[in-house]
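**Q** Data file final28.cif (mmCIF, C-alpha atoms) is appended below.
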data_upload
#
loop_
_atom_site.group_PDB
_atom_site.id
_atom_site.type_symbol
_atom_site.label_atom_id
_atom_site.label_comp_id
_atom_site.auth_asym_id
_atom_site.auth_seq_id
_atom_site.Cartn_x
_atom_site.Cartn_y
_atom_site.Cartn_z
ATOM 1 C CA MET B 89 22.791 0.864 7.752
ATOM 2 C CA THR B 90 20.678 0.237 4.654
ATOM 3 C CA GLU B 91 21.063 -3.499 5.163
ATOM 4 C CA ASN B 92 19.847 -3.147 8.750
ATOM 5 C CA LEU B 93 16.802 -1.168 7.620
ATOM 6 C CA ILE B 94 15.963 -3.699 4.925
ATOM 7 C CA SER B 95 16.308 -6.640 7.290
ATOM 8 C CA TRP B 96 14.194 -4.848 9.906
ATOM 9 C CA LEU B 97 11.463 -4.038 7.393
ATOM 10 C CA ASN B 98 11.569 -7.583 6.031
ATOM 11 C CA GLY B 99 9.958 -8.953 9.181
ATOM 12 C CA LEU B 100 7.049 -6.508 9.133
ATOM 13 C CA PRO B 101 3.674 -6.978 7.453
ATOM 14 C CA LYS B 102 3.640 -5.587 3.908
ATOM 15 C CA ASP B 103 1.074 -2.904 4.833
ATOM 16 C CA TYR B 104 3.471 -1.491 7.440
ATOM 17 C CA ILE B 105 6.375 -1.573 4.999
ATOM 18 C CA VAL B 106 4.365 0.496 2.508
ATOM 19 C CA LEU B 107 3.393 2.990 5.242
ATOM 20 C CA ILE B 108 7.002 3.349 6.381
ATOM 21 C CA VAL B 109 8.426 3.687 2.861
ATOM 22 C CA SER B 110 5.837 6.332 1.976
ATOM 23 C CA ALA B 111 6.690 8.283 5.152
ATOM 24 C CA LEU B 112 10.422 8.389 4.369
ATOM 25 C CA PRO B 113 11.692 11.688 2.926
ATOM 26 C CA VAL B 114 13.426 10.248 -0.135
ATOM 27 C CA SER B 115 10.980 7.622 -1.355
ATOM 28 C CA GLU B 116 7.628 9.029 -0.183
ATOM 29 C CA LEU B 117 4.639 7.687 -2.099
ATOM 30 C CA ARG B 118 6.588 7.761 -5.362
ATOM 31 C CA GLY B 119 8.452 4.703 -4.135
ATOM 32 C CA ALA B 120 5.725 3.217 -1.958
ATOM 33 C CA ILE B 121 3.048 2.779 -4.637
ATOM 34 C CA PRO B 122 5.246 0.720 -6.999
ATOM 35 C CA LEU B 123 6.501 -1.245 -3.972
ATOM 36 C CA ALA B 124 2.938 -1.992 -2.830
ATOM 37 C CA LEU B 125 1.969 -3.085 -6.331
ATOM 38 C CA SER B 126 5.018 -5.358 -6.458
ATOM 39 C CA PHE B 127 3.747 -6.920 -3.217
ATOM 40 C CA GLY B 128 0.533 -7.804 -5.081
ATOM 41 C CA MET B 129 -1.678 -5.176 -3.434
ATOM 42 C CA THR B 130 -4.604 -3.760 -5.345
ATOM 43 C CA PRO B 131 -4.033 -0.294 -6.814
ATOM 44 C CA GLN B 132 -6.653 1.126 -4.422
ATOM 45 C CA LYS B 133 -4.954 -0.326 -1.332
ATOM 46 C CA ALA B 134 -1.525 0.777 -2.593
ATOM 47 C CA TYR B 135 -2.864 4.314 -3.132
ATOM 48 C CA LEU B 136 -4.583 4.587 0.259
ATOM 49 C CA LEU B 137 -1.679 3.179 2.290
ATOM 50 C CA SER B 138 0.816 5.378 0.445
ATOM 51 C CA ILE B 139 -1.306 8.501 0.929
ATOM 52 C CA ALA B 140 -1.679 7.762 4.645
ATOM 53 C CA GLY B 141 2.011 7.067 5.119
ATOM 54 C CA ASN B 142 3.086 10.116 3.131
ATOM 55 C CA PHE B 143 0.927 12.364 5.311
ATOM 56 C CA ILE B 144 2.288 11.005 8.638
ATOM 57 C CA PRO B 145 5.316 13.359 8.837
ATOM 58 C CA VAL B 146 3.547 16.483 7.536
ATOM 59 C CA ILE B 147 2.007 17.829 10.753
ATOM 60 C CA PRO B 148 5.103 17.160 12.897
ATOM 61 C CA VAL B 149 7.324 18.878 10.301
ATOM 62 C CA LEU B 150 4.993 21.880 10.102
ATOM 63 C CA LEU B 151 4.752 22.233 13.879
ATOM 64 C CA LEU B 152 8.266 21.285 14.969
ATOM 65 C CA LEU B 153 10.687 22.328 12.221
ATOM 66 C CA GLU B 154 11.120 25.920 13.357
ATOM 67 C CA PRO B 155 11.529 25.283 17.110
ATOM 68 C CA VAL B 156 13.792 22.275 16.542
ATOM 69 C CA SER B 157 15.959 24.075 13.973
ATOM 70 C CA ASN B 158 16.236 27.119 16.260
ATOM 71 C CA ARG B 159 17.302 24.970 19.190
ATOM 72 C CA LEU B 160 19.678 22.679 17.300
ATOM 73 C CA GLY B 161 20.966 25.510 15.099
ATOM 74 C CA ARG B 162 23.131 26.614 18.010
ATOM 75 C CA TYR B 163 25.408 23.648 17.319
ATOM 76 C CA ARG B 164 27.748 23.837 14.349
ATOM 77 C CA LEU B 165 26.897 20.453 12.799
ATOM 78 C CA PHE B 166 23.155 21.053 12.958
ATOM 79 C CA ALA B 167 23.512 24.682 11.842
ATOM 80 C CA ARG B 168 25.241 23.497 8.664
ATOM 81 C CA PHE B 169 22.576 20.870 8.031
ATOM 82 C CA PHE B 170 19.706 23.325 8.461
ATOM 83 C CA GLU B 171 21.450 25.951 6.312
ATOM 84 C CA TRP B 172 21.866 23.367 3.537
ATOM 85 C CA LEU B 173 18.276 22.112 3.892
ATOM 86 C CA PHE B 174 16.738 25.584 3.948
ATOM 87 C CA ALA B 175 18.849 26.858 1.036
ATOM 88 C CA ARG B 176 17.873 23.849 -1.068
ATOM 89 C CA THR B 177 14.206 24.302 -0.214
ATOM 90 C CA ARG B 178 14.240 28.055 -0.920
ATOM 91 C CA LYS B 179 15.525 27.354 -4.463
ATOM 92 C CA ARG B 180 12.245 25.592 -5.199
ATOM 93 C CA ALA B 181 9.972 27.957 -3.278
ATOM 94 C CA ASP B 182 9.114 30.620 -5.899
ATOM 95 C CA THR B 183 5.840 29.018 -7.030
ATOM 96 C CA ILE B 184 4.851 28.195 -3.481
ATOM 97 C CA GLN B 185 5.474 31.726 -2.286
ATOM 98 C CA LYS B 186 3.567 33.250 -5.195
ATOM 99 C CA TYR B 187 0.431 31.082 -4.997
ATOM 100 C CA GLU B 188 0.638 29.827 -1.380
ATOM 101 C CA MET B 189 -1.833 26.922 -0.945
ATOM 102 C CA LEU B 190 -2.305 26.255 -4.667
ATOM 103 C CA GLY B 191 1.426 26.596 -5.306
ATOM 104 C CA LEU B 192 2.143 24.236 -2.448
ATOM 105 C CA ALA B 193 -0.352 21.698 -3.825
ATOM 106 C CA LEU B 194 1.200 21.901 -7.299
ATOM 107 C CA PHE B 195 4.704 21.606 -5.888
ATOM 108 C CA VAL B 196 3.877 18.516 -3.833
ATOM 109 C CA ALA B 197 1.875 16.975 -6.694
ATOM 110 C CA ILE B 198 4.783 16.898 -9.143
ATOM 111 C CA PRO B 199 5.965 13.269 -9.023
ATOM 112 C CA LEU B 200 9.672 14.088 -9.189
ATOM 113 C CA PRO B 201 12.419 13.701 -6.608
ATOM 114 C CA MET B 202 12.643 16.497 -4.040
ATOM 115 C CA THR B 203 9.144 17.868 -4.669
ATOM 116 C CA GLY B 204 7.059 15.849 -2.236
ATOM 117 C CA ALA B 205 5.314 16.314 1.077
ATOM 118 C CA TRP B 206 8.521 16.627 3.109
ATOM 119 C CA THR B 207 9.938 19.438 0.985
ATOM 120 C CA GLY B 208 6.495 21.043 0.766
ATOM 121 C CA ALA B 209 6.140 21.013 4.556
ATOM 122 C CA ILE B 210 9.633 22.459 4.974
ATOM 123 C CA ALA B 211 8.870 25.182 2.420
ATOM 124 C CA ALA B 212 5.526 25.980 4.071
ATOM 125 C CA SER B 213 7.262 26.323 7.420
ATOM 126 C CA LEU B 214 10.045 28.511 6.007
ATOM 127 C CA LEU B 215 7.584 30.707 4.107
ATOM 128 C CA LYS B 216 5.299 31.011 7.146
ATOM 129 C CA ILE B 217 2.229 29.733 5.292
ATOM 130 C CA ARG B 218 -0.676 29.419 7.694
ATOM 131 C CA PHE B 219 -1.040 25.929 9.122
ATOM 132 C CA ARG B 220 -4.492 25.179 7.696
ATOM 133 C CA TYR B 221 -3.491 26.339 4.210
ATOM 134 C CA ALA B 222 -0.256 24.388 4.383
ATOM 135 C CA VAL B 223 -2.005 21.185 5.456
ATOM 136 C CA SER B 224 -4.735 21.628 2.813
ATOM 137 C CA GLY B 225 -2.226 22.308 0.037
ATOM 138 C CA ILE B 226 -0.017 19.396 1.019
ATOM 139 C CA ILE B 227 -2.970 16.989 1.232
ATOM 140 C CA LEU B 228 -4.186 18.049 -2.218
ATOM 141 C CA GLY B 229 -0.667 17.621 -3.582
ATOM 142 C CA ILE B 230 -0.265 14.181 -2.002
ATOM 143 C CA LEU B 231 -3.601 13.033 -3.434
ATOM 144 C CA ALA B 232 -2.667 14.287 -6.919
ATOM 145 C CA ALA B 233 0.858 12.816 -6.768
ATOM 146 C CA GLY B 234 -0.578 9.476 -5.660
ATOM 147 C CA LEU B 235 -2.991 9.511 -8.565
ATOM 148 C CA ALA B 236 -0.237 10.398 -11.034
ATOM 149 C CA VAL B 237 2.109 7.680 -9.746
ATOM 150 C CA SER B 238 -0.728 5.135 -9.719
ATOM 151 C CA LEU B 239 -1.614 5.973 -13.316
ATOM 152 C CA LEU B 240 2.028 5.763 -14.401
ATOM 153 C CA CYS B 241 2.355 2.388 -12.692
ATOM 154 C CA ALA B 242 -0.848 1.141 -14.333
ATOM 155 C CA LEU B 243 0.378 2.261 -17.752
ATOM 156 C CA GLY B 244 3.730 0.617 -17.110
ATOM 157 C CA MET B 245 2.080 -2.638 -16.061
ATOM 158 C CA MET B 246 -0.139 -2.616 -19.162
ATOM 159 C CA SER B 247 2.903 -1.955 -21.367
ATOM 160 C CA TRP B 248 4.864 -4.716 -19.642
ATOM 161 C CA GLU B 249 2.010 -7.194 -20.151
ATOM 162 C CA ALA B 250 1.853 -6.265 -23.855
ATOM 163 C CA VAL B 251 5.612 -6.776 -24.243
ATOM 164 C CA THR B 252 5.671 -10.143 -22.466
ATOM 165 C CA LYS B 253 2.798 -11.660 -24.478
#
Give the structure from the file, written as structure tokens.

**A**
Amino acid sequence: MTENLISWLNGLPKDYIVLIVSALPVSELRGAIPLALSFGMTPQKAYLLSIAGNFIPVIPVLLLLEPVSNRLGRYRLFARFFEWLFARTRKRADTIQKYEMLGLALFVAIPLPMTGAWTGAIAASLLKIRFRYAVSGIILGILAAGLAVSLLCALGMMSWEAVTK
């Protein structure tokens, strides 16, 4: 399956690849920015495309997670998946629940696995954070995470250039 995805993405323009990679739940912009830079994109273009792609799934997740999980939760396989997903998200939800929008922004901004826009949107939905606060917090977090990843990539590129000279 991974090979099929890679071969499918291979034929697309690099801008689209960055958008798709940043919209995926595992890689998000943490994987898309380094990928875009490896494609030779400017840091600004890498940042903007990754931010845009990372935001694509946010509104659908916020609006559709609850109705979809309620409907599909009637079936054993899906019920198990949603139980696992919600339990995993609740483990990380203390800060979000305490500070709501600010907590959500901080949670999404941390450039670590399982703390991005997808998990933030799931947590906001589970914790019943108002839509406008959830969207605002997630956007702020995405912008901050993108900046952090961009800075880390820039530092890494400068270090690599110093080592190879």

**Q** Do you know which residues are at most 9 Å from segment 215-230 of chain B counting all atoms listed in the file, after dropping those on the same chain fewer than 2 positions away, and could you put them as an MDAnalysis selection string?

**A** chainID B and resid 117 139 142:143 146:147 150:151 178 181 184:185 188:198 204:205 208:213 232:235

**Q** Compare B:Ala120, B:Leu125, B:Ala140, B:Leu152 by their minimum atom-to-atom distance to Gly244 of chain B, counting all atoms listed in the file, and give me the closest one.

**A**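 When distances to Gly244 of chain B are compared using all atoms listed in the file, the smallest one comes from B:Leu125.
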
**Q** By how many Å are atom CA of Pro145 of chain B and atom CA of Pro113 of chain B apart?

**A**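 A separation of 8.9 Å between them.
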
**Q** So what do you get for atom CA of Val237 of chain B versus atom CA of Val106 of chain B, distance-wise?

**A**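 Taking atom CA of Val237 of chain B as the start and atom CA of Val106 of chain B as the end point, the length is 14.4 Å.
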
**Q** Using Å and a single decimal, report how far atom CA of Asp182 of chain B sits from atom CA of Arg168 of chain B.

**A**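 Atom-to-atom, atom CA of Arg168 of chain B to atom CA of Asp182 of chain B, that is 22.9 Å.
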
**Q** Would you mind listing what lies within 9 Å of Pro122 of chain B as an MDAnalysis selection string, with all atoms listed in the file counted and same-chain residues fewer than 6 positions away left out?

**A** chainID B and resid 134 237:238 241

**Q** Take every atom of segment 159-173 of chain B listed in the file, fit an axis-aligned box around them, add 5 Å per side, and give the centre and edge lengths in Å to one decimal as AutoDock Vina command-line options.

**A**
--center_x 22.5 --center_y 23.5 --center_z 11.4 --size_x 20.4 --size_y 16.2 --size_z 25.7

**Q** Write out as JSON, numbers by chain which residues come within 10 Å of Val109 of chain B when counting all atoms listed in the file, dropping same-chain ones fewer than 5 positions away.

**A** {"B": [97, 104, 114, 115, 116, 117, 118, 119, 120, 121, 123, 124, 138, 141, 142]}

**Q** Take the residues just selected and output them with C-alpha atoms as a compact mmCIF listing (two decimals), in the coordinates of the input.

**A**
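So selection.txt came out as:
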# COMPACT_ATOMS: atom_id res chain seq x y z
CA LEU B 97 11.46 -4.04 7.39
CA TYR B 104 3.47 -1.49 7.44
CA VAL B 114 13.43 10.25 -0.14
CA SER B 115 10.98 7.62 -1.36
CA GLU B 116 7.63 9.03 -0.18
CA LEU B 117 4.64 7.69 -2.10
CA ARG B 118 6.59 7.76 -5.36
CA GLY B 119 8.45 4.70 -4.14
CA ALA B 120 5.72 3.22 -1.96
CA ILE B 121 3.05 2.78 -4.64
CA LEU B 123 6.50 -1.25 -3.97
CA ALA B 124 2.94 -1.99 -2.83
CA SER B 138 0.82 5.38 0.44
CA GLY B 141 2.01 7.07 5.12
CA ASN B 142 3.09 10.12 3.13

**Q** Ranking B:Leu100, B:Ile108, B:Ala175, B:Ile144 by minimum distance to Leu214 of chain B and counting all atoms listed in the file, which one comes first?

**A**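 The shortest atom-to-atom distance to Leu214 of chain B comes from B:Ala175.
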
**Q** Given the choices B:Val149, B:Met245, B:Ala167, B:Leu136, which gets closest to Trp206 of chain B if the distance is worked out from all atoms listed in the file?

**A**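 The answer is B:Val149, which sits nearest to Trp206 of chain B.
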
**Q** Write segment 172-205 of chain B as a PDB file, in the frame of the given file, completed to N, CA and C atoms.

**A**
ATOM      1  N   TRP B 172      21.930  24.102   4.809  1.00  0.00           N
ATOM      2  CA  TRP B 172      21.866  23.367   3.537  1.00  0.00           C
ATOM      3  C   TRP B 172      20.414  23.042   3.171  1.00  0.00           C
ATOM      4  N   LEU B 173      19.664  22.500   4.129  1.00  0.00           N
ATOM      5  CA  LEU B 173      18.276  22.112   3.892  1.00  0.00           C
ATOM      6  C   LEU B 173      17.428  23.317   3.496  1.00  0.00           C
ATOM      7  N   PHE B 174      17.553  24.408   4.215  1.00  0.00           N
ATOM      8  CA  PHE B 174      16.738  25.584   3.948  1.00  0.00           C
ATOM      9  C   PHE B 174      17.131  26.243   2.632  1.00  0.00           C
ATOM     10  N   ALA B 175      18.408  26.274   2.312  1.00  0.00           N
ATOM     11  CA  ALA B 175      18.849  26.858   1.036  1.00  0.00           C
ATOM     12  C   ALA B 175      18.312  26.039  -0.133  1.00  0.00           C
ATOM     13  N   ARG B 176      18.381  24.722  -0.013  1.00  0.00           N
ATOM     14  CA  ARG B 176      17.873  23.849  -1.068  1.00  0.00           C
ATOM     15  C   ARG B 176      16.366  24.014  -1.241  1.00  0.00           C
ATOM     16  N   THR B 177      15.665  24.145  -0.152  1.00  0.00           N
ATOM     17  CA  THR B 177      14.206  24.302  -0.214  1.00  0.00           C
ATOM     18  C   THR B 177      13.840  25.664  -0.792  1.00  0.00           C
ATOM     19  N   ARG B 178      14.548  26.707  -0.410  1.00  0.00           N
ATOM     20  CA  ARG B 178      14.240  28.055  -0.920  1.00  0.00           C
ATOM     21  C   ARG B 178      14.398  28.141  -2.441  1.00  0.00           C
ATOM     22  N   LYS B 179      15.322  27.350  -3.009  1.00  0.00           N
ATOM     23  CA  LYS B 179      15.525  27.354  -4.463  1.00  0.00           C
ATOM     24  C   LYS B 179      14.253  26.946  -5.200  1.00  0.00           C
ATOM     25  N   ARG B 180      13.455  26.126  -4.566  1.00  0.00           N
ATOM     26  CA  ARG B 180      12.245  25.592  -5.199  1.00  0.00           C
ATOM     27  C   ARG B 180      10.976  26.296  -4.718  1.00  0.00           C
ATOM     28  N   ALA B 181      11.110  27.369  -3.979  1.00  0.00           N
ATOM     29  CA  ALA B 181       9.972  27.957  -3.278  1.00  0.00           C
ATOM     30  C   ALA B 181       9.271  29.096  -4.016  1.00  0.00           C
ATOM     31  N   ASP B 182       9.721  29.484  -5.199  1.00  0.00           N
ATOM     32  CA  ASP B 182       9.114  30.620  -5.899  1.00  0.00           C
ATOM     33  C   ASP B 182       7.622  30.425  -6.155  1.00  0.00           C
ATOM     34  N   THR B 183       7.256  29.288  -6.727  1.00  0.00           N
ATOM     35  CA  THR B 183       5.840  29.018  -7.030  1.00  0.00           C
ATOM     36  C   THR B 183       5.020  28.947  -5.759  1.00  0.00           C
ATOM     37  N   ILE B 184       5.576  28.318  -4.750  1.00  0.00           N
ATOM     38  CA  ILE B 184       4.851  28.195  -3.481  1.00  0.00           C
ATOM     39  C   ILE B 184       4.594  29.571  -2.891  1.00  0.00           C
ATOM     40  N   GLN B 185       5.613  30.404  -2.879  1.00  0.00           N
ATOM     41  CA  GLN B 185       5.474  31.726  -2.286  1.00  0.00           C
ATOM     42  C   GLN B 185       4.461  32.577  -3.061  1.00  0.00           C
ATOM     43  N   LYS B 186       4.454  32.439  -4.365  1.00  0.00           N
ATOM     44  CA  LYS B 186       3.567  33.250  -5.195  1.00  0.00           C
ATOM     45  C   LYS B 186       2.095  32.855  -5.025  1.00  0.00           C
ATOM     46  N   TYR B 187       1.822  31.549  -5.012  1.00  0.00           N
ATOM     47  CA  TYR B 187       0.431  31.082  -4.997  1.00  0.00           C
ATOM     48  C   TYR B 187       0.000  30.435  -3.679  1.00  0.00           C
ATOM     49  N   GLU B 188       0.880  30.408  -2.695  1.00  0.00           N
ATOM     50  CA  GLU B 188       0.638  29.827  -1.380  1.00  0.00           C
ATOM     51  C   GLU B 188       0.015  28.430  -1.449  1.00  0.00           C
ATOM     52  N   MET B 189      -1.247  28.255  -1.034  1.00  0.00           N
ATOM     53  CA  MET B 189      -1.833  26.922  -0.945  1.00  0.00           C
ATOM     54  C   MET B 189      -1.846  26.211  -2.294  1.00  0.00           C
ATOM     55  N   LEU B 190      -2.272  26.876  -3.342  1.00  0.00           N
ATOM     56  CA  LEU B 190      -2.305  26.255  -4.667  1.00  0.00           C
ATOM     57  C   LEU B 190      -0.895  25.929  -5.140  1.00  0.00           C
ATOM     58  N   GLY B 191       0.037  26.844  -4.932  1.00  0.00           N
ATOM     59  CA  GLY B 191       1.426  26.596  -5.306  1.00  0.00           C
ATOM     60  C   GLY B 191       2.011  25.428  -4.539  1.00  0.00           C
ATOM     61  N   LEU B 192       1.675  25.341  -3.271  1.00  0.00           N
ATOM     62  CA  LEU B 192       2.143  24.236  -2.448  1.00  0.00           C
ATOM     63  C   LEU B 192       1.568  22.909  -2.957  1.00  0.00           C
ATOM     64  N   ALA B 193       0.280  22.906  -3.292  1.00  0.00           N
ATOM     65  CA  ALA B 193      -0.352  21.698  -3.825  1.00  0.00           C
ATOM     66  C   ALA B 193       0.307  21.274  -5.134  1.00  0.00           C
ATOM     67  N   LEU B 194       0.553  22.220  -6.023  1.00  0.00           N
ATOM     68  CA  LEU B 194       1.200  21.901  -7.299  1.00  0.00           C
ATOM     69  C   LEU B 194       2.620  21.386  -7.085  1.00  0.00           C
ATOM     70  N   PHE B 195       3.338  22.014  -6.177  1.00  0.00           N
ATOM     71  CA  PHE B 195       4.704  21.606  -5.888  1.00  0.00           C
ATOM     72  C   PHE B 195       4.763  20.170  -5.363  1.00  0.00           C
ATOM     73  N   VAL B 196       3.896  19.857  -4.418  1.00  0.00           N
ATOM     74  CA  VAL B 196       3.877  18.516  -3.833  1.00  0.00           C
ATOM     75  C   VAL B 196       3.377  17.488  -4.847  1.00  0.00           C
ATOM     76  N   ALA B 197       2.482  17.897  -5.741  1.00  0.00           N
ATOM     77  CA  ALA B 197       1.875  16.975  -6.694  1.00  0.00           C
ATOM     78  C   ALA B 197       2.830  16.510  -7.785  1.00  0.00           C
ATOM     79  N   ILE B 198       3.863  17.276  -8.077  1.00  0.00           N
ATOM     80  CA  ILE B 198       4.783  16.898  -9.143  1.00  0.00           C
ATOM     81  C   ILE B 198       5.520  15.630  -8.726  1.00  0.00           C
ATOM     82  N   PRO B 199       5.336  14.531  -9.455  1.00  0.00           N
ATOM     83  CA  PRO B 199       5.965  13.269  -9.023  1.00  0.00           C
ATOM     84  C   PRO B 199       7.432  13.175  -9.438  1.00  0.00           C
ATOM     85  N   LEU B 200       8.233  14.086  -8.938  1.00  0.00           N
ATOM     86  CA  LEU B 200       9.672  14.088  -9.189  1.00  0.00           C
ATOM     87  C   LEU B 200      10.405  14.079  -7.857  1.00  0.00           C
ATOM     88  N   PRO B 201      11.658  13.661  -7.864  1.00  0.00           N
ATOM     89  CA  PRO B 201      12.419  13.701  -6.608  1.00  0.00           C
ATOM     90  C   PRO B 201      12.511  15.128  -6.058  1.00  0.00           C
ATOM     91  N   MET B 202      12.477  15.243  -4.763  1.00  0.00           N
ATOM     92  CA  MET B 202      12.643  16.497  -4.040  1.00  0.00           C
ATOM     93  C   MET B 202      11.481  17.480  -4.213  1.00  0.00           C
ATOM     94  N   THR B 203      10.306  16.986  -4.547  1.00  0.00           N
ATOM     95  CA  THR B 203       9.144  17.868  -4.669  1.00  0.00           C
ATOM     96  C   THR B 203       7.951  17.339  -3.879  1.00  0.00           C
ATOM     97  N   GLY B 204       8.158  16.483  -2.934  1.00  0.00           N
ATOM     98  CA  GLY B 204       7.059  15.849  -2.236  1.00  0.00           C
ATOM     99  C   GLY B 204       6.595  16.554  -0.979  1.00  0.00           C
ATOM    100  N   ALA B 205       5.924  15.785  -0.138  1.00  0.00           N
ATOM    101  CA  ALA B 205       5.314  16.314   1.077  1.00  0.00           C
ATOM    102  C   ALA B 205       6.357  16.842   2.060  1.00  0.00           C
TER     103      ALA B 205
END
